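Novice: File name start00.cif; file contents mmCIF, C-alpha atoms and all ligand atoms; full text below.
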data_upload
#
loop_
_atom_site.label_atom_id
_atom_site.label_comp_id
_atom_site.auth_asym_id
_atom_site.auth_seq_id
_atom_site.Cartn_x
_atom_site.Cartn_y
_atom_site.Cartn_z
CA MET X 1 -0.98 23.36 -1.74
CA GLY X 2 -3.61 23.64 0.95
CA GLU X 3 -3.92 20.79 3.41
CA GLY X 4 -6.22 18.14 2.09
CA LYS X 5 -6.91 19.98 -1.14
CA ALA X 6 -4.07 18.51 -3.10
CA GLY X 7 -5.04 17.08 -6.44
CA ARG X 8 -8.74 17.64 -5.95
CA SER X 9 -9.32 20.68 -8.08
CA GLY X 10 -8.74 19.51 -11.65
CA GLY X 11 -9.93 15.93 -11.92
CA THR X 12 -7.70 12.97 -11.44
CA ALA X 13 -4.99 11.32 -13.53
CA VAL X 14 -5.37 8.10 -11.52
CA ARG X 15 -7.42 5.40 -13.22
CA ARG X 16 -7.27 2.60 -10.64
CA LEU X 17 -5.41 1.37 -7.59
CA HIS X 18 -4.25 -2.20 -6.99
CA VAL X 19 -3.34 -3.45 -3.50
CA LEU X 20 -0.40 -5.88 -3.62
CA LEU X 21 0.05 -8.17 -0.61
CA CYS X 22 3.81 -8.70 -0.45
CA GLY X 23 4.20 -10.89 2.65
CA TYR X 24 3.88 -10.86 6.41
CA GLU X 25 5.95 -9.83 9.41
CA ILE X 26 5.78 -11.57 12.78
CA LEU X 27 5.98 -8.81 15.37
CA PRO X 28 5.33 -8.00 19.03
CA LYS X 29 2.26 -5.76 19.00
CA THR X 30 4.31 -3.02 20.69
CA VAL X 31 6.05 -2.48 17.35
CA SER X 32 2.75 -1.02 16.14
CA THR X 33 1.21 0.29 19.35
CA ARG X 34 3.66 1.91 21.73
CA ASP X 35 3.74 0.30 25.19
CA ARG X 36 0.50 -1.54 24.45
CA GLY X 37 0.12 -5.31 24.04
CA GLY X 38 3.65 -6.51 24.72
CA ARG X 39 2.62 -10.14 25.16
CA PHE X 40 0.77 -10.27 21.86
CA ILE X 41 2.41 -11.36 18.62
CA LEU X 42 0.83 -10.24 15.36
CA ALA X 43 1.28 -11.46 11.80
CA GLU X 44 1.13 -8.11 10.02
CA PRO X 45 0.76 -7.82 6.25
CA VAL X 46 3.23 -5.90 4.11
CA CYS X 47 1.67 -4.13 1.13
CA ALA X 48 2.58 -2.15 -1.92
CA TYR X 49 0.23 -0.24 -4.22
CA LEU X 50 0.21 -0.08 -8.00
CA LEU X 51 -1.52 2.85 -9.70
CA ASP X 52 -2.63 2.89 -13.31
CA THR X 53 -2.48 6.55 -14.31
CA ASP X 54 -2.65 8.78 -17.38
CA ARG X 55 1.13 9.14 -16.94
CA GLY X 56 1.92 5.44 -16.71
CA TRP X 57 2.31 2.91 -13.94
CA VAL X 58 3.24 4.22 -10.49
CA LEU X 59 4.31 1.93 -7.65
CA LEU X 60 4.01 3.07 -4.04
CA ASP X 61 6.54 1.10 -1.95
CA THR X 62 8.11 -2.11 -3.25
CA GLY X 63 7.47 -4.77 -0.61
CA VAL X 64 9.90 -6.88 1.41
CA ASP X 65 12.85 -8.87 0.06
CA PRO X 66 11.91 -12.58 -0.20
CA GLY X 67 15.55 -13.36 0.61
CA TYR X 68 14.90 -12.35 4.24
CA SER X 69 12.40 -15.20 4.36
CA ASN X 70 14.10 -17.77 2.14
CA ASP X 71 17.87 -17.24 2.26
CA PRO X 72 19.33 -18.98 5.33
CA LEU X 73 22.28 -16.58 5.66
CA LEU X 74 20.20 -13.39 5.37
CA ARG X 75 17.56 -14.82 7.66
CA GLU X 76 20.13 -15.64 10.32
CA THR X 77 22.37 -12.58 10.15
CA LEU X 78 19.77 -9.85 9.62
CA PHE X 79 16.86 -11.24 11.64
CA LEU X 80 17.39 -14.20 13.98
CA ALA X 81 20.74 -12.93 15.29
CA ASN X 82 19.04 -9.64 16.23
CA GLY X 83 16.13 -11.35 17.97
CA TRP X 84 13.69 -10.55 15.15
CA SER X 85 11.45 -13.05 13.41
CA PRO X 86 12.11 -13.19 9.67
CA PRO X 87 9.28 -12.09 7.40
CA VAL X 88 7.09 -14.64 5.64
CA VAL X 89 7.13 -14.25 1.86
CA ARG X 90 5.44 -17.03 -0.07
CA PRO X 91 5.59 -17.30 -3.88
CA ALA X 92 2.15 -15.72 -4.20
CA HIS X 93 3.48 -12.65 -2.36
CA LEU X 94 6.28 -11.91 -4.81
CA LEU X 95 5.95 -8.49 -6.38
CA GLU X 96 6.66 -9.85 -9.85
CA ALA X 97 4.04 -12.57 -9.47
CA GLN X 98 1.37 -10.09 -8.50
CA LEU X 99 2.30 -7.63 -11.22
CA GLU X 100 2.00 -10.49 -13.70
CA THR X 101 -1.65 -11.00 -12.73
CA ILE X 102 -2.22 -7.42 -13.92
CA GLY X 103 -0.06 -7.85 -17.02
CA VAL X 104 2.69 -5.53 -15.76
CA THR X 105 6.44 -6.02 -15.27
CA CYS X 106 8.89 -4.00 -13.20
CA THR X 107 10.28 -2.43 -16.37
CA ASP X 108 6.82 -1.06 -17.20
CA ILE X 109 6.87 1.01 -13.98
CA GLY X 110 8.40 4.41 -14.56
CA HIS X 111 7.79 5.98 -11.18
CA VAL X 112 8.30 4.53 -7.70
CA ILE X 113 7.25 6.54 -4.64
CA LEU X 114 8.55 5.41 -1.24
CA SER X 115 6.82 6.13 2.06
CA HIS X 116 10.15 5.64 3.89
CA LEU X 117 13.22 3.40 3.85
CA HIS X 118 12.40 0.68 6.39
CA TYR X 119 13.19 -2.75 4.93
CA ASP X 120 9.52 -3.73 4.59
CA HIS X 121 8.85 -0.81 2.23
CA CYS X 122 11.71 -0.59 -0.25
CA ALA X 123 12.85 -4.08 -1.25
CA GLY X 124 15.03 -4.53 -4.29
CA LEU X 125 15.20 -0.99 -5.64
CA ALA X 126 17.88 -2.22 -8.05
CA ARG X 127 14.95 -3.58 -10.10
CA PHE X 128 13.87 0.03 -10.66
CA ALA X 129 17.12 1.54 -11.91
CA HIS X 130 15.17 2.70 -15.00
CA ALA X 131 12.56 4.53 -12.91
CA ARG X 132 12.29 7.78 -10.99
CA ILE X 133 12.28 7.07 -7.25
CA SER X 134 10.59 9.75 -5.16
CA ILE X 135 11.10 10.19 -1.45
CA GLN X 136 11.25 12.92 1.16
CA ARG X 137 14.68 14.54 1.23
CA SER X 138 14.87 14.13 5.02
CA GLU X 139 14.23 10.37 4.76
CA TYR X 140 16.87 10.02 2.07
CA ALA X 141 19.37 11.93 4.20
CA TRP X 142 18.60 9.77 7.23
CA GLY X 143 18.79 6.52 5.30
CA PHE X 144 22.15 7.37 3.77
CA GLY X 145 23.42 9.18 6.86
CA GLY X 146 25.71 6.42 8.06
CA ALA X 147 23.88 4.92 11.05
CA PRO X 148 20.16 5.05 10.38
CA GLY X 149 19.40 2.31 12.90
CA ALA X 150 17.15 -0.71 13.17
CA GLY X 151 14.84 -1.32 10.25
CA TYR X 152 17.13 0.28 7.66
CA LEU X 153 18.99 -2.24 5.49
CA LEU X 154 21.15 -0.48 2.94
CA ARG X 155 21.13 -3.54 0.71
CA ASP X 156 17.46 -2.73 -0.07
CA TYR X 157 17.95 0.85 -1.21
CA GLY X 158 21.67 1.46 -1.63
CA ALA X 159 22.01 0.30 -5.24
CA PRO X 160 24.15 2.65 -7.34
CA ARG X 161 22.78 4.82 -10.15
CA LEU X 162 19.22 5.08 -8.92
CA ASP X 163 17.33 8.15 -10.10
CA TRP X 164 16.37 9.69 -6.75
CA ASP X 165 13.78 12.47 -6.77
CA LEU X 166 13.79 14.34 -3.45
CA HIS X 167 10.91 16.33 -2.00
CA ASP X 168 10.43 18.62 0.99
CA GLY X 169 7.01 18.34 2.60
CA ASP X 170 3.68 17.94 0.80
CA TRP X 171 3.82 17.54 -2.96
CA GLU X 172 1.61 16.46 -5.84
CA ALA X 173 2.87 13.71 -8.15
CA MET X 174 -0.02 14.38 -10.56
CA PRO X 175 -3.65 15.44 -10.28
CA GLY X 176 -5.26 12.94 -7.92
CA LEU X 177 -2.04 11.69 -6.33
CA ALA X 178 -0.96 13.80 -3.37
CA LEU X 179 1.90 12.95 -1.04
CA LEU X 180 1.55 14.12 2.53
CA ASP X 181 4.30 14.99 4.98
CA THR X 182 3.62 12.58 7.86
CA ARG X 183 7.05 12.57 9.46
CA GLY X 184 7.28 11.19 12.97
CA HIS X 185 7.51 7.43 12.62
CA THR X 186 10.72 8.21 10.72
CA ALA X 187 12.56 11.41 9.86
CA GLY X 188 10.86 11.77 6.47
CA HIS X 189 7.85 9.50 6.34
CA GLN X 190 5.19 10.39 3.75
CA SER X 191 1.65 9.14 3.19
CA ALA X 192 -0.60 9.39 0.13
CA MET X 193 -4.08 10.55 -0.77
CA ILE X 194 -5.55 9.38 -4.03
CA ASP X 195 -8.59 10.54 -5.96
CA LEU X 196 -10.23 7.78 -7.96
CA PRO X 197 -12.31 8.34 -11.12
CA SER X 198 -15.44 7.40 -9.15
CA GLY X 199 -14.88 10.47 -6.97
CA LYS X 200 -13.92 8.34 -4.02
CA ALA X 201 -10.82 9.32 -2.02
CA ILE X 202 -8.34 6.77 -0.69
CA LEU X 203 -5.87 7.48 2.11
CA LEU X 204 -2.70 5.38 2.39
CA PRO X 205 -1.12 6.00 5.80
CA PHE X 206 1.75 3.48 5.42
CA ASP X 207 3.51 3.42 8.83
CA ALA X 208 2.07 6.66 10.21
CA GLY X 209 -0.31 4.17 11.87
CA ASP X 210 -0.01 0.44 11.29
CA LEU X 211 -3.36 -0.64 12.71
CA ALA X 212 -6.91 0.68 12.94
CA GLU X 213 -6.21 1.06 16.65
CA ASN X 214 -3.59 3.74 15.95
CA PHE X 215 -6.25 5.94 14.35
CA GLU X 216 -9.10 5.02 16.71
CA THR X 217 -7.16 5.76 19.89
CA GLU X 218 -4.23 7.91 18.66
CA VAL X 219 -1.74 5.41 20.10
CA LEU X 220 1.72 6.10 18.66
CA PRO X 221 3.69 3.67 16.53
CA GLY X 222 6.19 1.69 18.56
CA GLU X 223 9.10 3.34 16.82
CA CYS X 224 9.06 7.12 16.53
CA HIS X 225 11.79 9.40 15.31
CA ASP X 226 9.73 12.29 16.71
CA GLU X 227 6.79 11.51 19.00
CA ALA X 228 5.04 14.88 18.72
CA ALA X 229 5.24 14.73 14.94
CA ALA X 230 4.00 11.13 14.91
CA LEU X 231 0.91 12.14 16.89
CA ALA X 232 0.35 15.11 14.60
CA ALA X 233 0.54 12.76 11.61
CA ILE X 234 -2.15 10.46 13.03
CA ARG X 235 -4.38 13.45 13.73
CA ARG X 236 -3.79 14.91 10.29
CA LEU X 237 -4.76 11.65 8.57
CA ASN X 238 -7.85 11.27 10.75
CA ALA X 239 -8.90 14.81 9.88
CA LEU X 240 -8.37 14.23 6.16
CA ARG X 241 -10.38 11.03 6.30
CA THR X 242 -13.29 12.92 7.81
CA GLU X 243 -12.96 15.95 5.57
CA HIS X 244 -12.92 13.91 2.35
CA ASP X 245 -14.96 10.92 3.49
CA ALA X 246 -11.92 8.92 2.44
CA GLU X 247 -11.39 5.20 2.76
CA MET X 248 -8.19 4.42 4.65
CA LEU X 249 -6.30 1.37 3.40
CA LEU X 250 -4.05 0.24 6.24
CA PHE X 251 -0.66 -1.16 5.31
CA HIS X 252 -0.02 -3.44 8.28
CA ASP X 253 -3.44 -4.27 9.76
CA PRO X 254 -3.98 -8.07 9.80
CA VAL X 255 -7.77 -7.75 10.01
CA ALA X 256 -8.30 -4.92 7.54
CA ILE X 257 -6.23 -6.63 4.84
CA GLN X 258 -8.72 -9.48 4.69
CA ALA X 259 -11.49 -7.12 3.60
CA MET X 260 -9.48 -5.35 0.90
CA ARG X 261 -9.71 -5.88 -2.84
CA LEU X 262 -6.36 -7.48 -3.57
CA ALA X 263 -4.75 -7.51 -7.03
CA PRO X 264 -5.78 -8.26 -9.69
CA ASP X 265 -8.94 -6.71 -8.27
CA CYS X 266 -8.78 -2.95 -7.88
CA TYR X 267 -10.23 0.27 -6.52
CA ASP X 268 -11.45 2.66 -9.18
ZN ZN S 1 8.39 1.79 9.19
#
What does the file become when written as structure tokens?
Ligand SMILES: [Zn+2]
Specialist:
Amino acid sequence: MGEGKAGRSGGTAVRRLHVLLCGYEILPKTVSTRDRGGRFILAEPVCAYLLDTDRGWVLLDTGVDPGYSNDPLLRETLFLANGWSPPVVRPAHLLEAQLETIGVTCTDIGHVILSHLHYDHCAGLARFAHARISIQRSEYAWGFGGAPGAGYLLRDYGAPRLDWDLHDGDWEAMPGLALLDTRGHTAGHQSAMIDLPSGKAILLPFDAGDLAENFETEVLPGECHDEAAALAAIRRLNALRTEHDAEMLLFHDPVAIQAMRLAPDCYD
């Protein structure tokens, strides 16, 4: 699969893309922009994406567990005790509530694709025990490796009997849905490029770059498993955006989210 050519030769199996706004995180800006803006606090959105495809419903990432916002024990032990602010997940942000506006339930979703295993990307995988769950092999190995570190909460993704589907590098889920090796932020981070029926291309960088600033100035994410790879990922996504005149939908940008078509609206 040539870089940037994935899924673009034989039409697209993707019919439409829904952006699901799954909550907010309250973060020092340095979490998103390394060594830049330490006195600023941002309320960053957490997204997930639902694709209607010729092969059924596909969910990219699964949001953040509302229990981290609403359960006093989880909030205290997993967030406040570590000096982190708990996420904000209001009823309108619940994955199930948003899926309902589209007429979909979790059991309708046969394929889940995860960008990586940080807690704001893989909530409640036990809901998807019936589905195939695709991830980079290196991210899976890191997440289950015993001490993956801050941001990894095994209770999100450690449910037994999940149908894990492991990939190494770039791969194509179906025509029009390409997954891109953008390791760097984490050991096995992946991004997505989607071809819509209109001919328009959409790039989903996930945490390869949280904010527009990451792509405008090539500033690294605050947390990097591999700094050189993280920079290469930002440059790769910038190059793909130019090459395909793609629209980049940012996962964590508090300004960009306000201009997006949120579910039940869609991109098609
Ligand atoms: Zn992350």
Novice: Could I get the residue neighbourhood of ligand ZN 1 (chain S) at 10 Å, counting all atoms listed in the file, as JSON, numbers by chain?
Specialist: {"X": [31, 32, 115, 116, 117, 118, 119, 120, 121, 150, 151, 152, 185, 186, 189, 206, 207, 208, 209, 210, 221, 222, 223, 224, 252]}
Novice: Just checking: using only C-alpha atoms, which residue out of X:Leu60, X:Ala92, X:Ala159, X:Leu203 ends up closest to His111 (chain X)?
Specialist: X:Leu60
Novice: Please list as an mmCIF file with C-alpha atoms, in the frame of the given file every residue within 12 Å of Trp84 (chain X), counting only C-alpha atoms and excluding residues in the same chain fewer than 4 positions away.
Specialist:
data_model
loop_
_atom_site.group_PDB
_atom_site.id
_atom_site.type_symbol
_atom_site.label_atom_id
_atom_site.label_comp_id
_atom_site.auth_asym_id
_atom_site.auth_seq_id
_atom_site.Cartn_x
_atom_site.Cartn_y
_atom_site.Cartn_z
ATOM 1 C CA GLU X 25 5.950 -9.830 9.410
ATOM 2 C CA ILE X 26 5.780 -11.570 12.780
ATOM 3 C CA LEU X 27 5.980 -8.810 15.370
ATOM 4 C CA PRO X 28 5.330 -8.000 19.030
ATOM 5 C CA VAL X 31 6.050 -2.480 17.350
ATOM 6 C CA ILE X 41 2.410 -11.360 18.620
ATOM 7 C CA TYR X 68 14.900 -12.350 4.240
ATOM 8 C CA SER X 69 12.400 -15.200 4.360
ATOM 9 C CA ARG X 75 17.560 -14.820 7.660
ATOM 10 C CA GLU X 76 20.130 -15.640 10.320
ATOM 11 C CA THR X 77 22.370 -12.580 10.150
ATOM 12 C CA LEU X 78 19.770 -9.850 9.620
ATOM 13 C CA PHE X 79 16.860 -11.240 11.640
ATOM 14 C CA LEU X 80 17.390 -14.200 13.980
ATOM 15 C CA ALA X 150 17.150 -0.710 13.170
ATOM 16 C CA GLY X 151 14.840 -1.320 10.250
#
Novice: Go through X:Leu180, X:Leu51, X:Leu73, X:Leu94 and flag the residue nearest Leu21 (chain X), using all atoms listed in the file for the distances.
Specialist: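 Using all atoms listed in the file, the shortest distance to Leu21 (chain X) belongs to X:Leu94.
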Novice: With 8 Å as the threshold, what does the neighbourhood of (6.4, -10.2, -2.1) contain in terms of residues, counting all atoms listed in the file? Coordinates are those of the file; answer as an MDAnalysis selection string.
Specialist: chainID X and resid 21:23 63:66 89:96
Novice: Give the answer as one residue: which of X:Leu42, X:Leu166, X:Ala232, X:Leu249 has the shortest atom-to-atom distance to Tyr267 (chain X), using only C-alpha atoms?
Specialist: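 Of all the options, X:Leu249 lies closest to Tyr267 (chain X).
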Novice: If I take CA of Leu125 (chain X) and CA of Asp156 (chain X), how far is one from the other in Å, to one decimal?
Specialist: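 About the pair CA of Leu125 (chain X) and CA of Asp156 (chain X): they are 6.3 Å apart.
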Novice: Find the residues around Ile257 (chain X) up to 10 Å (only C-alpha atoms counted), leave out those fewer than 2 positions away in its own chain, and share them as a PyMOL selection string.
Specialist: chain X and resi 19+21+44-47+249-255+259-262
Novice: Ranking X:Leu153, X:Ala256, X:Ala13, X:Glu243 by minimum distance to Leu74 (chain X) and counting all atoms listed in the file, which one comes first?
Specialist: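 The closest residue to Leu74 (chain X) is X:Leu153.
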Novice: Provide the CA of Ala178 (chain X) to CA of Gly56 (chain X) distance in Å, to one decimal place.
Specialist: 16.0 Å
Novice: I'd like the neighbourhood of Thr62 (chain X) as a list in words, where a residue qualifies if any of its atoms comes within 7 Å (using all atoms listed in the file), though same-chain residues fewer than 3 positions away should be ignored.
Specialist: Ala48, His121, Cys122 and Ala123 of chain X
Novice: Distance CA of Thr182 (chain X)-CA of Tyr24 (chain X), one decimal place?
Specialist: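 Between CA of Thr182 (chain X) and CA of Tyr24 (chain X) the gap works out to 23.5 Å.
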Novice: Quick one: everything within 7 Å of region 126-129 of chain X, counting all atoms listed in the file, minus sequence neighbours fewer than 6 positions away in the same chain. Send it as a count of residues only.
Specialist: 5
Novice: Missing atoms in region 171-197 of chain X: can you complete it with N, CA and C atoms, as a short mmCIF file (atom, residue, chain, number, x, y, z; two decimals), keeping the file's coordinate frame?
Specialist:
data_model
loop_
_atom_site.label_atom_id
_atom_site.label_comp_id
_atom_site.auth_asym_id
_atom_site.auth_seq_id
_atom_site.Cartn_x
_atom_site.Cartn_y
_atom_site.Cartn_z
N TRP X 171 3.63 17.30 -1.52
CA TRP X 171 3.82 17.54 -2.96
C TRP X 171 2.78 16.74 -3.73
N GLU X 172 2.59 17.12 -4.99
CA GLU X 172 1.61 16.46 -5.84
C GLU X 172 2.33 15.77 -6.99
N ALA X 173 2.20 14.45 -7.07
CA ALA X 173 2.87 13.71 -8.15
C ALA X 173 2.15 13.94 -9.47
N MET X 174 0.83 14.09 -9.39
CA MET X 174 -0.02 14.38 -10.56
C MET X 174 -1.41 14.68 -10.00
N PRO X 175 -2.30 15.23 -10.81
CA PRO X 175 -3.65 15.44 -10.28
C PRO X 175 -4.24 14.13 -9.75
N GLY X 176 -4.69 14.14 -8.51
CA GLY X 176 -5.26 12.94 -7.92
C GLY X 176 -4.29 12.07 -7.16
N LEU X 177 -3.03 12.45 -7.11
CA LEU X 177 -2.04 11.69 -6.33
C LEU X 177 -1.21 12.67 -5.51
N ALA X 178 -1.62 12.85 -4.26
CA ALA X 178 -0.96 13.80 -3.37
C ALA X 178 -0.15 13.04 -2.33
N LEU X 179 1.06 13.51 -2.10
CA LEU X 179 1.90 12.95 -1.04
C LEU X 179 1.90 13.92 0.13
N LEU X 180 1.77 13.33 1.32
CA LEU X 180 1.55 14.12 2.53
C LEU X 180 2.71 13.93 3.49
N ASP X 181 3.22 15.03 3.99
CA ASP X 181 4.30 14.99 4.98
C ASP X 181 3.72 14.43 6.28
N THR X 182 4.07 13.20 6.60
CA THR X 182 3.62 12.58 7.86
C THR X 182 4.84 12.08 8.63
N ARG X 183 5.85 12.93 8.70
CA ARG X 183 7.05 12.57 9.46
C ARG X 183 6.69 12.28 10.91
N GLY X 184 7.52 11.53 11.57
CA GLY X 184 7.28 11.19 12.97
C GLY X 184 7.69 9.76 13.24
N HIS X 185 7.06 8.82 12.55
CA HIS X 185 7.51 7.43 12.62
C HIS X 185 8.99 7.37 12.23
N THR X 186 9.32 8.02 11.11
CA THR X 186 10.72 8.21 10.72
C THR X 186 10.93 9.69 10.39
N ALA X 187 12.19 10.01 10.07
CA ALA X 187 12.56 11.41 9.86
C ALA X 187 11.80 12.03 8.69
N GLY X 188 11.51 11.20 7.66
CA GLY X 188 10.86 11.77 6.47
C GLY X 188 9.77 10.87 5.92
N HIS X 189 8.94 10.36 6.78
CA HIS X 189 7.85 9.50 6.34
C HIS X 189 6.81 10.31 5.56
N GLN X 190 6.28 9.74 4.46
CA GLN X 190 5.19 10.39 3.75
C GLN X 190 4.06 9.39 3.51
N SER X 191 2.85 9.92 3.47
CA SER X 191 1.65 9.14 3.19
C SER X 191 1.07 9.63 1.87
N ALA X 192 -0.03 9.01 1.43
CA ALA X 192 -0.60 9.39 0.13
C ALA X 192 -2.11 9.53 0.22
N MET X 193 -2.63 10.47 -0.55
CA MET X 193 -4.08 10.55 -0.77
C MET X 193 -4.34 10.50 -2.26
N ILE X 194 -5.30 9.66 -2.63
CA ILE X 194 -5.55 9.38 -4.03
C ILE X 194 -7.02 9.65 -4.35
N ASP X 195 -7.23 10.33 -5.46
CA ASP X 195 -8.59 10.54 -5.96
C ASP X 195 -8.85 9.57 -7.09
N LEU X 196 -9.89 8.76 -6.94
CA LEU X 196 -10.23 7.78 -7.96
C LEU X 196 -11.25 8.38 -8.95
N PRO X 197 -11.35 7.80 -10.14
CA PRO X 197 -12.31 8.34 -11.12
C PRO X 197 -13.75 8.36 -10.61
#
